[in-house]
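> Structure: coords.pdb, PDB, C-alpha atoms, pLDDT in the B column.
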ATOM      1  CA  MET L   1     110.784 153.533 119.399  1.00 39.00           C
ATOM      2  CA  ARG L   2     111.355 153.342 115.656  1.00 40.00           C
ATOM      3  CA  CYS L   3     109.511 150.734 113.581  1.00 43.00           C
ATOM      4  CA  ARG L   4     112.759 148.998 112.711  1.00 45.00           C
ATOM      5  CA  GLU L   5     113.437 148.689 116.422  1.00 42.00           C
ATOM      6  CA  LEU L   6     109.969 147.214 116.872  1.00 42.00           C
ATOM      7  CA  GLU L   7     110.835 144.536 114.350  1.00 46.00           C
ATOM      8  CA  LYS L   8     114.122 143.887 116.164  1.00 41.00           C
ATOM      9  CA  CYS L   9     112.232 143.524 119.458  1.00 40.00           C
ATOM     10  CA  ARG L  10     109.829 141.134 117.776  1.00 45.00           C
ATOM     11  CA  SER L  11     112.552 138.936 116.344  1.00 45.00           C
ATOM     12  CA  ALA L  12     115.116 139.238 119.153  1.00 39.00           C
ATOM     13  CA  SER L  13     116.436 136.012 120.570  1.00 35.00           C
ATOM     14  CA  PRO L  14     115.346 135.126 124.122  1.00 35.00           C
ATOM     15  CA  GLY L  15     118.859 135.798 125.402  1.00 36.00           C
ATOM     16  CA  LYS L  16     118.698 139.438 124.301  1.00 43.00           C
ATOM     17  CA  LYS L  17     115.487 140.340 126.118  1.00 45.00           C
ATOM     18  CA  MET L  18     114.144 139.549 129.535  1.00 45.00           C
ATOM     19  CA  ALA L  19     112.873 136.005 129.724  1.00 49.00           C
ATOM     20  CA  GLY L  20     109.100 135.917 129.414  1.00 54.00           C
ATOM     21  CA  ALA L  21     108.820 139.647 128.658  1.00 59.00           C
ATOM     22  CA  PRO L  22     106.539 140.423 125.727  1.00 70.00           C
ATOM     23  CA  SER L  23     107.894 142.483 122.857  1.00 82.00           C
ATOM     24  CA  THR L  24     106.681 146.024 122.237  1.00 82.00           C
ATOM     25  CA  LEU L  25     104.606 144.918 119.261  1.00 82.00           C
ATOM     26  CA  ASP L  26     102.998 142.175 121.367  1.00 85.00           C
ATOM     27  CA  ARG L  27     102.062 144.715 124.063  1.00 90.00           C
ATOM     28  CA  VAL L  28     100.610 147.099 121.459  1.00 90.00           C
ATOM     29  CA  LEU L  29      98.612 144.232 119.950  1.00 89.00           C
ATOM     30  CA  GLN L  30      97.323 143.233 123.399  1.00 90.00           C
ATOM     31  CA  THR L  31      96.248 146.822 124.176  1.00 93.00           C
ATOM     32  CA  CYS L  32      94.488 147.055 120.806  1.00 92.00           C
ATOM     33  CA  VAL L  33      92.620 143.791 121.409  1.00 92.00           C
ATOM     34  CA  GLU L  34      91.533 145.081 124.840  1.00 93.00           C
ATOM     35  CA  MET L  35      90.513 148.468 123.391  1.00 94.00           C
ATOM     36  CA  VAL L  36      88.479 146.881 120.613  1.00 93.00           C
ATOM     37  CA  GLY L  37      86.781 144.597 123.149  1.00 93.00           C
ATOM     38  CA  ASP L  38      86.069 147.516 125.506  1.00 93.00           C
ATOM     39  CA  ARG L  39      84.405 149.336 122.606  1.00 92.00           C
ATOM     40  CA  GLY L  40      81.965 146.426 122.314  1.00 92.00           C
ATOM     41  CA  TYR L  41      83.463 144.631 119.320  1.00 93.00           C
ATOM     42  CA  ALA L  42      84.132 140.895 119.158  1.00 91.00           C
ATOM     43  CA  VAL L  43      87.627 140.168 117.855  1.00 89.00           C
ATOM     44  CA  ASP L  44      87.410 137.819 114.884  1.00 84.00           C
ATOM     45  CA  ARG L  45      91.086 137.681 114.042  1.00 79.00           C
ATOM     46  CA  ALA L  46      94.274 139.075 115.515  1.00 75.00           C
ATOM     47  CA  SER L  47      97.670 138.313 114.015  1.00 67.00           C
ATOM     48  CA  VAL L  48     101.193 139.617 114.292  1.00 60.00           C
ATOM     49  CA  ASP L  49     102.528 137.719 111.311  1.00 63.00           C
ATOM     50  CA  MET L  50     103.977 139.459 108.268  1.00 61.00           C
ATOM     51  CA  ASP L  51     100.982 141.828 108.083  1.00 69.00           C
ATOM     52  CA  PRO L  52      99.860 142.582 111.662  1.00 76.00           C
ATOM     53  CA  ALA L  53      96.131 143.309 111.858  1.00 85.00           C
ATOM     54  CA  ILE L  54      92.985 142.925 113.956  1.00 88.00           C
ATOM     55  CA  VAL L  55      89.518 142.383 112.524  1.00 89.00           C
ATOM     56  CA  ALA L  56      86.528 142.815 114.843  1.00 90.00           C
ATOM     57  CA  THR L  57      82.747 143.023 114.471  1.00 91.00           C
ATOM     58  CA  ARG L  58      79.829 144.518 116.395  1.00 91.00           C
ATOM     59  CA  GLY L  59      76.563 143.747 114.642  1.00 90.00           C
ATOM     60  CA  ASP L  60      76.967 145.120 111.112  1.00 90.00           C
ATOM     61  CA  ASP L  61      79.981 147.255 112.089  1.00 90.00           C
ATOM     62  CA  VAL L  62      83.370 145.942 111.016  1.00 91.00           C
ATOM     63  CA  LEU L  63      86.480 147.432 112.632  1.00 91.00           C
ATOM     64  CA  HIS L  64      89.904 146.851 111.149  1.00 90.00           C
ATOM     65  CA  VAL L  65      93.158 147.710 112.966  1.00 91.00           C
ATOM     66  CA  ARG L  66      96.246 147.943 110.758  1.00 89.00           C
ATOM     67  CA  PHE L  67      99.761 148.123 112.167  1.00 88.00           C
ATOM     68  CA  LEU L  68     101.966 150.001 109.728  1.00 86.00           C
ATOM     69  CA  THR L  69     105.339 148.812 110.987  1.00 79.00           C
ATOM     70  CA  SER L  70     107.176 149.731 107.794  1.00 80.00           C
ATOM     71  CA  GLU L  71     106.013 153.376 107.892  1.00 76.00           C
ATOM     72  CA  ASP L  72     107.295 155.967 110.348  1.00 81.00           C
ATOM     73  CA  LYS L  73     104.645 158.510 109.329  1.00 87.00           C
ATOM     74  CA  ILE L  74     101.449 157.666 107.492  1.00 91.00           C
ATOM     75  CA  GLY L  75     101.331 159.425 104.144  1.00 91.00           C
ATOM     76  CA  VAL L  76      98.368 160.326 101.961  1.00 91.00           C
ATOM     77  CA  LYS L  77      99.202 157.636  99.405  1.00 91.00           C
ATOM     78  CA  VAL L  78      98.968 154.876 102.029  1.00 90.00           C
ATOM     79  CA  VAL L  79      95.682 156.211 103.413  1.00 90.00           C
ATOM     80  CA  ARG L  80      94.134 156.516  99.949  1.00 89.00           C
ATOM     81  CA  GLN L  81      95.106 152.902  99.183  1.00 88.00           C
ATOM     82  CA  LEU L  82      93.548 151.752 102.458  1.00 86.00           C
ATOM     83  CA  GLN L  83      90.402 153.852 101.879  1.00 84.00           C
ATOM     84  CA  ALA L  84      89.979 152.325  98.428  1.00 85.00           C
ATOM     85  CA  GLY L  85      90.099 148.852  99.928  1.00 82.00           C
ATOM     86  CA  LEU L  86      87.782 149.497 102.878  1.00 79.00           C
ATOM     87  CA  GLY L  87      84.828 147.617 101.408  1.00 82.00           C
ATOM     88  CA  ASP L  88      82.512 146.658 104.279  1.00 82.00           C
ATOM     89  CA  VAL L  89      84.863 148.064 106.943  1.00 87.00           C
ATOM     90  CA  THR L  90      83.083 150.807 108.915  1.00 88.00           C
ATOM     91  CA  ARG L  91      86.039 151.795 111.167  1.00 91.00           C
ATOM     92  CA  LEU L  92      89.761 151.773 110.420  1.00 91.00           C
ATOM     93  CA  LEU L  93      92.405 152.261 113.109  1.00 93.00           C
ATOM     94  CA  LEU L  94      95.894 152.924 111.770  1.00 92.00           C
ATOM     95  CA  VAL L  95      98.794 152.376 114.154  1.00 91.00           C
ATOM     96  CA  SER L  96     102.243 153.662 113.213  1.00 90.00           C
ATOM     97  CA  ASN L  97     105.388 154.967 114.816  1.00 90.00           C
ATOM     98  CA  GLU L  98     104.737 158.714 114.494  1.00 91.00           C
ATOM     99  CA  GLY L  99     101.127 158.982 113.260  1.00 90.00           C
ATOM    100  CA  PRO L 100     100.011 160.757 110.090  1.00 93.00           C
ATOM    101  CA  THR L 101     101.678 163.596 108.288  1.00 93.00           C
ATOM    102  CA  PRO L 102      99.920 166.963 108.694  1.00 93.00           C
ATOM    103  CA  PHE L 103      98.658 166.774 105.102  1.00 93.00           C
ATOM    104  CA  THR L 104      97.267 163.267 105.704  1.00 92.00           C
ATOM    105  CA  ARG L 105      95.469 164.405 108.849  1.00 91.00           C
ATOM    106  CA  LYS L 106      93.939 167.311 106.904  1.00 92.00           C
ATOM    107  CA  GLU L 107      92.986 164.994 104.012  1.00 89.00           C
ATOM    108  CA  VAL L 108      90.978 162.613 106.222  1.00 89.00           C
ATOM    109  CA  ALA L 109      89.678 165.158 108.746  1.00 88.00           C
ATOM    110  CA  GLU L 110      86.108 164.719 107.500  1.00 85.00           C
ATOM    111  CA  ASP L 111      86.281 160.902 107.403  1.00 84.00           C
ATOM    112  CA  GLU L 112      85.248 159.802 110.896  1.00 84.00           C
ATOM    113  CA  ARG L 113      85.844 156.156 109.999  1.00 87.00           C
ATOM    114  CA  ILE L 114      89.622 156.550 110.301  1.00 90.00           C
ATOM    115  CA  GLU L 115      91.556 156.929 113.575  1.00 92.00           C
ATOM    116  CA  PHE L 116      95.299 157.383 113.937  1.00 93.00           C
ATOM    117  CA  TRP L 117      97.272 155.918 116.841  1.00 93.00           C
ATOM    118  CA  THR L 118     100.967 155.688 117.613  1.00 92.00           C
ATOM    119  CA  PHE L 119     102.800 152.713 119.068  1.00 92.00           C
ATOM    120  CA  GLY L 120     103.850 154.870 122.027  1.00 92.00           C
ATOM    121  CA  LYS L 121     100.215 155.576 122.987  1.00 93.00           C
ATOM    122  CA  LEU L 122      99.300 151.885 122.856  1.00 93.00           C
ATOM    123  CA  VAL L 123     102.240 150.214 124.602  1.00 93.00           C
ATOM    124  CA  LEU L 124     100.324 150.524 127.885  1.00 92.00           C
ATOM    125  CA  ASN L 125      96.567 150.374 128.373  1.00 93.00           C
ATOM    126  CA  VAL L 126      95.558 153.748 129.885  1.00 93.00           C
ATOM    127  CA  THR L 127      92.459 152.243 131.525  1.00 91.00           C
ATOM    128  CA  LYS L 128      94.653 150.001 133.671  1.00 90.00           C
ATOM    129  CA  PHE L 129      96.624 152.802 135.343  1.00 88.00           C
ATOM    130  CA  ALA L 130      96.185 152.770 139.112  1.00 82.00           C
ATOM    131  CA  ILE L 131      94.985 156.385 139.307  1.00 85.00           C
ATOM    132  CA  VAL L 132      92.515 156.259 136.382  1.00 87.00           C
ATOM    133  CA  PRO L 133      88.963 155.714 137.653  1.00 88.00           C
ATOM    134  CA  PRO L 134      86.457 153.700 135.614  1.00 89.00           C
ATOM    135  CA  HIS L 135      84.632 155.670 132.900  1.00 90.00           C
ATOM    136  CA  ALA L 136      81.268 154.737 131.362  1.00 90.00           C
ATOM    137  CA  LEU L 137      78.713 156.376 129.092  1.00 91.00           C
ATOM    138  CA  VAL L 138      75.524 157.427 130.871  1.00 91.00           C
ATOM    139  CA  PRO L 139      72.384 156.164 129.080  1.00 92.00           C
ATOM    140  CA  PRO L 140      70.229 159.007 127.669  1.00 88.00           C
ATOM    141  CA  ASP L 141      67.363 158.236 130.102  1.00 90.00           C
ATOM    142  CA  ASP L 142      69.694 158.527 133.091  1.00 91.00           C
ATOM    143  CA  ALA L 143      71.222 161.701 131.643  1.00 90.00           C
ATOM    144  CA  ALA L 144      67.781 163.338 131.554  1.00 90.00           C
ATOM    145  CA  ARG L 145      67.104 162.212 135.136  1.00 92.00           C
ATOM    146  CA  LEU L 146      70.452 163.561 136.316  1.00 91.00           C
ATOM    147  CA  ALA L 147      69.836 166.873 134.534  1.00 91.00           C
ATOM    148  CA  ARG L 148      66.554 167.277 136.456  1.00 92.00           C
ATOM    149  CA  GLU L 149      68.163 166.179 139.725  1.00 92.00           C
ATOM    150  CA  TYR L 150      71.058 168.667 139.432  1.00 91.00           C
ATOM    151  CA  HIS L 151      68.944 171.450 137.853  1.00 93.00           C
ATOM    152  CA  VAL L 152      70.928 171.455 134.618  1.00 91.00           C
ATOM    153  CA  THR L 153      68.978 173.278 131.915  1.00 90.00           C
ATOM    154  CA  SER L 154      71.351 172.833 128.960  1.00 87.00           C
ATOM    155  CA  ALA L 155      74.089 170.416 127.937  1.00 83.00           C
ATOM    156  CA  ASP L 156      76.613 173.273 128.074  1.00 86.00           C
ATOM    157  CA  GLU L 157      76.390 173.298 131.875  1.00 89.00           C
ATOM    158  CA  TRP L 158      77.954 169.839 132.265  1.00 88.00           C
ATOM    159  CA  PRO L 159      81.752 169.573 132.665  1.00 88.00           C
ATOM    160  CA  LYS L 160      83.434 168.669 129.372  1.00 87.00           C
ATOM    161  CA  LEU L 161      86.008 166.028 128.539  1.00 86.00           C
ATOM    162  CA  PRO L 162      88.069 166.992 125.492  1.00 89.00           C
ATOM    163  CA  ARG L 163      87.756 164.695 122.475  1.00 84.00           C
ATOM    164  CA  HIS L 164      91.522 164.081 122.551  1.00 87.00           C
ATOM    165  CA  ASP L 165      91.414 162.886 126.187  1.00 90.00           C
ATOM    166  CA  PRO L 166      93.172 159.473 126.290  1.00 91.00           C
ATOM    167  CA  ILE L 167      90.185 157.728 127.880  1.00 92.00           C
ATOM    168  CA  CYS L 168      87.724 159.309 125.416  1.00 91.00           C
ATOM    169  CA  ARG L 169      89.911 158.185 122.519  1.00 92.00           C
ATOM    170  CA  TYR L 170      90.335 154.690 123.977  1.00 94.00           C
ATOM    171  CA  TYR L 171      86.581 154.112 124.339  1.00 93.00           C
ATOM    172  CA  ASP L 172      85.679 156.297 121.316  1.00 91.00           C
ATOM    173  CA  PHE L 173      83.086 158.192 123.341  1.00 90.00           C
ATOM    174  CA  PRO L 174      80.862 160.291 121.056  1.00 88.00           C
ATOM    175  CA  ALA L 175      81.004 164.061 121.474  1.00 84.00           C
ATOM    176  CA  GLY L 176      78.252 165.534 123.613  1.00 84.00           C
ATOM    177  CA  ARG L 177      77.457 162.369 125.587  1.00 87.00           C
ATOM    178  CA  LEU L 178      77.520 162.321 129.380  1.00 90.00           C
ATOM    179  CA  VAL L 179      80.315 160.196 130.891  1.00 91.00           C
ATOM    180  CA  LYS L 180      80.201 158.796 134.424  1.00 90.00           C
ATOM    181  CA  ILE L 181      83.552 158.793 136.205  1.00 89.00           C
ATOM    182  CA  ASP L 182      83.490 156.571 139.293  1.00 85.00           C
ATOM    183  CA  PRO L 183      84.880 158.684 142.161  1.00 75.00           C
ATOM    184  CA  ARG L 184      85.284 155.800 144.637  1.00 74.00           C
ATOM    185  CA  LEU L 185      88.960 155.636 143.746  1.00 57.00           C
ATOM    186  CA  TRP L 186      89.655 158.735 145.855  1.00 54.00           C
ATOM    187  CA  GLN L 187      87.455 157.903 148.848  1.00 51.00           C
TER     188      GLN L 187
END
Hey, can you dump this file as structure tokens for me?

Amino acid sequence: MRCRELEKCRSASPGKKMAGAPSTLDRVLQTCVEMVGDRGYAVDRASVDMDPAIVATRGDDVLHVRFLTSEDKIGVKVVRQLQAGLGDVTRLLLVSNEGPTPFTRKEVAEDERIEFWTFGKLVLNVTKFAIVPPHALVPPDDAARLAREYHVTSADEWPKLPRHDPICRYYDFPAGRLVKIDPRLWQ
């Protein structure tokens, strides 16, 4: 859905959409609030006014979610302006219609503070799908115990989840950490 269409959904009269149905931007905002909370941040402010944004904190970490509704693709100029104004922000999530341009992605590849999301990936919360089992990071002490129990001698022997896996991106699991996937869903 194009950003202009998002704005139309947001401002549509009740007669033009299903009664009580949230707009696309409202659903994206709700998913972002849930995602930020699931990452362990406390949401300080969430607004969908003229400049939609979420500000959240976890200790000294400050996470800022910006919804770029006027941009289809995120260009380098926009990212540089946002980087210059980061200040005490330790994580920046940029949500747009189509994500960054290839040059923008290359420009910020080394900056782990910035994540790119699209509206389409955030309309529905992937952790709430019926067939997605719960995922959780295994504490390092338990990981060592499990390695002894299953006779794992190196971290390379564990199954790997790709970094671009939707659940890994949602929770922002660090690379190389052991993730427990609850199998009771299929029993």
> Nearest residue to Val179 (chain L) out of L:Lys106, L:Arg163, L:Arg66, L:His135, using only C-alpha atoms?
L:His135
> List as a PyMOL selection string the protein and nucleic acid residues near Arg105 (chain L), meaning an atom at most 12 Å away when only C-alpha atoms are counted, but skip any in the same chain fewer than 5 places from it.
chain L and resi 73-76+79-80+94+99-100+110-112+114-117
> Could you check which of L:Thr57, L:Gly176, L:Glu149, L:Val95 is closest to Gly120 (chain L), using all atoms listed in the file?
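When distances to Gly120 (chain L) are compared using all atoms listed in the file, the smallest one comes from L:Val95.
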> For region 139-142 of chain L, work out the shell of residues within 9 Å, counting all atoms listed in the file and skipping chain neighbours fewer than 5 positions away, then give it as a PDB file with C-alpha atoms, keeping the file's coordinate frame.

ATOM      1  CA  ALA L 147      69.836 166.873 134.534  1.00 91.00           C
ATOM      2  CA  ARG L 177      77.457 162.369 125.587  1.00 87.00           C
ATOM      3  CA  LEU L 178      77.520 162.321 129.380  1.00 90.00           C
TER       4      LEU L 178
END
> Quick one: pull the distance between CA of Asn97 (chain L) and CA of Thr24 (chain L), Å, one decimal.
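Taking CA of Asn97 (chain L) and CA of Thr24 (chain L), their separation equals 11.7 Å.
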> For the file shown, what are the residues hit by the PyMOL selection byres ((chain L and resi 45) around 8), laid out as number ranges by chain?
L: 43-44, 46-47, 53-56
> I'd like the interatomic distance between CA of Val36 (chain L) and CA of Val65 (chain L), to a tenth of an Å.
9.0 Å
> Can you work out which one of L:Ala155, L:Leu124, L:Ile181, L:Leu161 has the shortest atom-to-atom distance to Leu137 (chain L), counting only C-alpha atoms?
L:Ile181
> Considering all atoms listed in the file, can you say which of L:Asp172, L:Tyr41, L:Thr118, L:Val152 comes closest to Asp72 (chain L)?
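Looking at the shortest contact to Asp72 (chain L), the residue is L:Thr118.
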> For CA of Val33 (chain L) and CA of Leu82 (chain L), quote the distance in Å rounded to one decimal.
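These atoms are spaced 20.6 Å apart.
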> Which residue out of L:Cys168, L:Val62, L:Ala84, L:Val89 has the minimum interatomic distance to Met35 (chain L) when all atoms listed in the file are used?
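Selected residue with least distance to Met35 (chain L): L:Cys168.
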> Have a look at L:Leu63, L:Leu92, L:Ile131, L:Leu122 and name the one nearest to Arg184 (chain L); count only C-alpha atoms.
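The closest residue to Arg184 (chain L) is L:Ile131.
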